[in-house]
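Colleague: I'd like to ask some things about the structure below.
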Amino acid sequence: MMPRLALSLLLAAAGIAQAQSQARGDGWSAGLRGGIVVTDQEYNNDGQAWIATIGRSFGPQYAVEVELAADRLDFGIDYGLEHRSIAVNHLTINREPLWDPYFLIGVGLIEFDAPPGNAVRDGRDFMFNLGIGGQWELVAPERVLLRADLRLRYDRNDTRQPGQNGFGDGIISVGLTMPLGR
């Protein structure tokens, strides 16, 4: 009798906590985005980037996300420099009626694989993200969101190869985010 009562109380408390977190705007989300990478001051599309995120919001204003990203930089000549990264980003969101602009700051780890013929073929380094973006509701109420992002990804890699000069990369991405459990 006591184990059933304890289990019932635990389930009721979990249900109340879930309802309260949803009322505050807390919750999990998952997203996928694709975009382009700009590595120099010419503002050319130097490669493609793909980003997957899983995040948790804490109230209507703050969110934290874990981000997995990969890109391939070709520079228009099929160069083949590849990056993979994992980052933890903090988002400060300004809730507006038509869209939710946000400021992003994050840290992570980035790896690269350079094509044959380079002195340094692979490596790993610390990375820093700084960006702005916005989310627009596509399916109400907040079932599917369109997300656009503009950021600077800076790493400390300075191997003097194309795309590895230590100035940082601009990344522009667009994709979908789906809140989970709503």
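In the structure tokens, the first chain shown is A, the next is B, and so on; residue numbers restart at 1 for each chain, and ligands run from 1 in the order shown.
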Quick one: residues within 9 Å of region 129-132 of chain A, only C-alpha atoms counted, chain neighbours fewer than 3 positions away excluded, as number ranges by chain?

Modeller: A: 87, 89, 101-108, 148-155

Colleague: Please report the interatomic distance between CA of Trp136 (chain A) and CA of Arg95 (chain A) in Å with one decimal.

Modeller: 10.7 Å

Colleague: Could you build a table of the residues in region 22-98 of chain A lying no more than 9 Å from region 109-112 of chain A, giving for each the nearest pair of atoms and their separation in Å rounded to one decimal place, using only C-alpha atoms, ordered by chain and ascending residue number, as a tab-separated table?

Modeller:
```
residue	atom	partner	partner_atom	distance
A:Leu81	CA	A:Phe112	CA	7.1
A:Glu82	CA	A:Phe112	CA	5.5
A:His83	CA	A:Phe112	CA	4.4
A:Arg84	CA	A:Glu111	CA	5.3
A:Ser85	CA	A:Ile110	CA	4.2
A:Ile86	CA	A:Leu109	CA	5.6
A:Ala87	CA	A:Leu109	CA	6.4
```

Colleague: Write out as an mmCIF file with N, CA, C and O atoms, in the first residue's frame the residues lying within 10 Å of Glu65 (chain A), counting only C-alpha atoms and excluding same-chain residues fewer than 6 positions away.

Modeller:
```cif
data_model
loop_
_atom_site.group_PDB
_atom_site.id
_atom_site.type_symbol
_atom_site.label_atom_id
_atom_site.label_comp_id
_atom_site.auth_asym_id
_atom_site.auth_seq_id
_atom_site.Cartn_x
_atom_site.Cartn_y
_atom_site.Cartn_z
ATOM 1 N N TRP A 28 12.300 21.625 -23.344
ATOM 2 C CA TRP A 28 13.348 21.150 -24.232
ATOM 3 C C TRP A 28 12.992 21.459 -25.671
ATOM 4 O O TRP A 28 11.823 21.587 -26.020
ATOM 5 N N SER A 29 14.016 21.543 -26.519
ATOM 6 C CA SER A 29 13.792 21.753 -27.949
ATOM 7 C C SER A 29 14.917 21.072 -28.724
ATOM 8 O O SER A 29 15.992 20.812 -28.183
ATOM 9 N N ALA A 30 14.631 20.788 -29.981
ATOM 10 C CA ALA A 30 15.632 20.217 -30.880
ATOM 11 C C ALA A 30 15.573 20.989 -32.191
ATOM 12 O O ALA A 30 14.503 21.448 -32.591
ATOM 13 N N GLY A 31 16.707 21.140 -32.851
ATOM 14 C CA GLY A 31 16.717 21.913 -34.088
ATOM 15 C C GLY A 31 17.776 21.461 -35.073
ATOM 16 O O GLY A 31 18.780 20.852 -34.697
ATOM 17 N N ALA A 52 23.144 20.913 -35.628
ATOM 18 C CA ALA A 52 22.075 20.245 -34.886
ATOM 19 C C ALA A 52 22.161 20.701 -33.434
ATOM 20 O O ALA A 52 23.262 20.819 -32.875
ATOM 21 N N THR A 53 21.018 21.000 -32.827
ATOM 22 C CA THR A 53 21.007 21.483 -31.450
ATOM 23 C C THR A 53 19.977 20.732 -30.619
ATOM 24 O O THR A 53 18.955 20.271 -31.133
ATOM 25 N N ILE A 54 20.255 20.646 -29.334
ATOM 26 C CA ILE A 54 19.280 20.229 -28.333
ATOM 27 C C ILE A 54 19.404 21.260 -27.224
ATOM 28 O O ILE A 54 20.504 21.586 -26.792
ATOM 29 N N GLY A 55 18.277 21.850 -26.846
ATOM 30 C CA GLY A 55 18.337 22.955 -25.899
ATOM 31 C C GLY A 55 17.296 22.858 -24.808
ATOM 32 O O GLY A 55 16.353 22.073 -24.874
ATOM 33 N N ARG A 56 17.480 23.674 -23.807
ATOM 34 C CA ARG A 56 16.546 23.769 -22.686
ATOM 35 C C ARG A 56 16.356 25.236 -22.368
ATOM 36 O O ARG A 56 17.319 25.981 -22.206
ATOM 37 N N SER A 57 15.096 25.667 -22.318
ATOM 38 C CA SER A 57 14.807 27.050 -21.947
ATOM 39 C C SER A 57 14.524 27.119 -20.452
ATOM 40 O O SER A 57 14.016 26.178 -19.852
ATOM 41 N N ALA A 87 29.617 22.607 -29.019
ATOM 42 C CA ALA A 87 29.628 23.849 -28.245
ATOM 43 C C ALA A 87 28.444 23.885 -27.294
ATOM 44 O O ALA A 87 27.426 23.236 -27.525
ATOM 45 N N VAL A 88 28.586 24.659 -26.247
ATOM 46 C CA VAL A 88 27.491 24.968 -25.339
ATOM 47 C C VAL A 88 27.238 26.461 -25.487
ATOM 48 O O VAL A 88 28.140 27.280 -25.275
ATOM 49 N N ASN A 89 26.008 26.804 -25.906
ATOM 50 C CA ASN A 89 25.640 28.198 -26.152
ATOM 51 C C ASN A 89 24.598 28.667 -25.148
ATOM 52 O O ASN A 89 23.696 27.915 -24.793
ATOM 53 N N HIS A 90 24.709 29.905 -24.747
ATOM 54 C CA HIS A 90 23.706 30.559 -23.908
ATOM 55 C C HIS A 90 22.967 31.579 -24.775
ATOM 56 O O HIS A 90 23.610 32.382 -25.458
ATOM 57 N N LEU A 91 21.646 31.535 -24.771
ATOM 58 C CA LEU A 91 20.827 32.471 -25.537
ATOM 59 C C LEU A 91 20.059 33.369 -24.581
ATOM 60 O O LEU A 91 19.450 32.880 -23.626
ATOM 61 N N GLY A 106 28.792 31.446 -26.727
ATOM 62 C CA GLY A 106 29.073 30.052 -26.416
ATOM 63 C C GLY A 106 30.542 29.715 -26.497
ATOM 64 O O GLY A 106 31.345 30.470 -27.053
#
```

Colleague: Please measure the separation of CA of Glu142 (chain A) and CA of Trp99 (chain A), giving the value in Å to one decimal.

Modeller: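 Calculated distance between CA of Glu142 (chain A) and CA of Trp99 (chain A) is 11.2 Å.
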
Colleague: Tell me which protein, DNA and RNA residues are within 7 Å of Gln48 (chain A), counting only C-alpha atoms, leaving out same-chain ones fewer than 5 positions away, and put them as a PyMOL selection string.

Modeller: chain A and resi 35-37+71-73

Colleague: When distances are computed from only C-alpha atoms, which of A:Arg156, A:Ala140, A:Ile77, A:Leu145 shows the smallest separation from Gly123 (chain A)?

Modeller: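 Selected residue with least distance to Gly123 (chain A): A:Arg156.
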
Colleague: Please identify which residues in region 14-176 of chain A DSSP calls strand (DSSP E or B) from the backbone, and express them as a ChimeraX atom specification.

Modeller: /A:27-38,47-58,62-73,81-93,100-113,122-139,144-155,158,165,169-176

Colleague: Given the selection you just returned, output its residues as a file containing C-alpha atoms, formatted as an mmCIF file, in the first residue's frame.

Modeller:
```
data_model
loop_
_atom_site.group_PDB
_atom_site.id
_atom_site.type_symbol
_atom_site.label_atom_id
_atom_site.label_comp_id
_atom_site.auth_asym_id
_atom_site.auth_seq_id
_atom_site.Cartn_x
_atom_site.Cartn_y
_atom_site.Cartn_z
ATOM 1 C CA GLY A 27 11.138 23.114 -21.891
ATOM 2 C CA TRP A 28 13.348 21.150 -24.232
ATOM 3 C CA SER A 29 13.792 21.753 -27.949
ATOM 4 C CA ALA A 30 15.632 20.217 -30.880
ATOM 5 C CA GLY A 31 16.717 21.913 -34.088
ATOM 6 C CA LEU A 32 18.467 21.531 -37.426
ATOM 7 C CA ARG A 33 19.940 24.343 -39.528
ATOM 8 C CA GLY A 34 21.996 24.672 -42.659
ATOM 9 C CA GLY A 35 23.966 27.601 -43.929
ATOM 10 C CA ILE A 36 27.113 29.087 -45.374
ATOM 11 C CA VAL A 37 30.540 29.906 -43.973
ATOM 12 C CA VAL A 38 32.417 33.123 -44.808
ATOM 13 C CA GLY A 47 31.570 26.486 -47.742
ATOM 14 C CA GLN A 48 28.500 24.857 -46.237
ATOM 15 C CA ALA A 49 27.665 24.335 -42.567
ATOM 16 C CA TRP A 50 25.195 21.963 -40.882
ATOM 17 C CA ILE A 51 24.118 22.423 -37.269
ATOM 18 C CA ALA A 52 22.075 20.245 -34.886
ATOM 19 C CA THR A 53 21.007 21.483 -31.450
ATOM 20 C CA ILE A 54 19.280 20.229 -28.333
ATOM 21 C CA GLY A 55 18.337 22.955 -25.899
ATOM 22 C CA ARG A 56 16.546 23.769 -22.686
ATOM 23 C CA SER A 57 14.807 27.050 -21.947
ATOM 24 C CA PHE A 58 14.661 28.510 -18.452
ATOM 25 C CA TYR A 62 17.036 32.342 -21.226
ATOM 26 C CA ALA A 63 18.035 29.111 -22.943
ATOM 27 C CA VAL A 64 21.071 26.845 -23.058
ATOM 28 C CA GLU A 65 21.799 24.551 -25.995
ATOM 29 C CA VAL A 66 24.327 21.910 -26.922
ATOM 30 C CA GLU A 67 25.295 22.300 -30.556
ATOM 31 C CA LEU A 68 26.944 19.837 -32.924
ATOM 32 C CA ALA A 69 28.189 21.390 -36.161
ATOM 33 C CA ALA A 70 30.073 20.330 -39.260
ATOM 34 C CA ASP A 71 31.250 22.313 -42.251
ATOM 35 C CA ARG A 72 33.233 21.830 -45.422
ATOM 36 C CA LEU A 73 35.156 24.780 -46.850
ATOM 37 C CA LEU A 81 38.873 21.663 -45.383
ATOM 38 C CA GLU A 82 36.448 20.091 -42.887
ATOM 39 C CA HIS A 83 35.493 21.159 -39.351
ATOM 40 C CA ARG A 84 33.495 19.396 -36.637
ATOM 41 C CA SER A 85 32.583 21.110 -33.401
ATOM 42 C CA ILE A 86 30.639 20.762 -30.194
ATOM 43 C CA ALA A 87 29.628 23.849 -28.245
ATOM 44 C CA VAL A 88 27.491 24.968 -25.339
ATOM 45 C CA ASN A 89 25.640 28.198 -26.152
ATOM 46 C CA HIS A 90 23.706 30.559 -23.908
ATOM 47 C CA LEU A 91 20.827 32.471 -25.537
ATOM 48 C CA THR A 92 19.257 35.627 -24.119
ATOM 49 C CA ILE A 93 15.874 35.952 -25.828
ATOM 50 C CA ASP A 100 11.926 36.364 -30.793
ATOM 51 C CA PRO A 101 15.317 38.013 -31.420
ATOM 52 C CA TYR A 102 18.195 36.614 -29.386
ATOM 53 C CA PHE A 103 21.821 37.150 -28.486
ATOM 54 C CA LEU A 104 24.064 34.055 -28.415
ATOM 55 C CA ILE A 105 27.372 33.434 -26.679
ATOM 56 C CA GLY A 106 29.073 30.052 -26.416
ATOM 57 C CA VAL A 107 32.236 28.040 -25.978
ATOM 58 C CA GLY A 108 33.295 24.710 -27.379
ATOM 59 C CA LEU A 109 35.815 22.473 -29.049
ATOM 60 C CA ILE A 110 36.534 22.366 -32.803
ATOM 61 C CA GLU A 111 38.467 19.813 -34.878
ATOM 62 C CA PHE A 112 39.723 20.184 -38.447
ATOM 63 C CA ASP A 113 40.901 17.869 -41.204
ATOM 64 C CA ASP A 122 44.432 17.793 -38.468
ATOM 65 C CA GLY A 123 44.038 19.420 -35.106
ATOM 66 C CA ARG A 124 41.763 20.427 -32.270
ATOM 67 C CA ASP A 125 41.306 23.748 -30.524
ATOM 68 C CA PHE A 126 39.126 25.874 -28.254
ATOM 69 C CA MET A 127 36.274 27.777 -29.959
ATOM 70 C CA PHE A 128 34.101 30.785 -29.098
ATOM 71 C CA ASN A 129 30.681 31.712 -30.627
ATOM 72 C CA LEU A 130 29.136 35.177 -30.631
ATOM 73 C CA GLY A 131 25.959 35.846 -32.578
ATOM 74 C CA ILE A 132 22.497 37.250 -33.062
ATOM 75 C CA GLY A 133 19.402 35.646 -34.477
ATOM 76 C CA GLY A 134 15.667 35.299 -34.372
ATOM 77 C CA GLN A 135 12.866 32.756 -34.214
ATOM 78 C CA TRP A 136 9.505 32.957 -35.956
ATOM 79 C CA GLU A 137 6.518 30.770 -35.147
ATOM 80 C CA LEU A 138 5.541 28.647 -38.168
ATOM 81 C CA VAL A 139 3.019 26.325 -36.485
ATOM 82 C CA VAL A 144 7.588 24.577 -35.094
ATOM 83 C CA LEU A 145 9.841 27.642 -35.236
ATOM 84 C CA LEU A 146 11.880 29.050 -38.117
ATOM 85 C CA ARG A 147 15.301 30.071 -36.772
ATOM 86 C CA ALA A 148 17.876 32.282 -38.493
ATOM 87 C CA ASP A 149 21.319 32.905 -37.054
ATOM 88 C CA LEU A 150 24.325 35.132 -37.854
ATOM 89 C CA ARG A 151 27.453 34.481 -35.841
ATOM 90 C CA LEU A 152 31.197 34.735 -35.580
ATOM 91 C CA ARG A 153 32.953 31.476 -34.763
ATOM 92 C CA TYR A 154 36.441 32.193 -33.521
ATOM 93 C CA ASP A 155 39.046 29.545 -32.798
ATOM 94 C CA ASP A 158 46.610 29.808 -36.666
ATOM 95 C CA ASN A 165 44.282 32.010 -40.180
ATOM 96 C CA ASP A 169 34.547 32.521 -39.516
ATOM 97 C CA GLY A 170 31.182 34.118 -40.164
ATOM 98 C CA ILE A 171 28.311 31.617 -40.267
ATOM 99 C CA ILE A 172 24.826 32.377 -41.576
ATOM 100 C CA SER A 173 22.273 29.616 -40.984
ATOM 101 C CA VAL A 174 18.533 28.994 -41.325
ATOM 102 C CA GLY A 175 16.516 26.031 -40.099
ATOM 103 C CA LEU A 176 13.750 24.659 -37.917
#
```
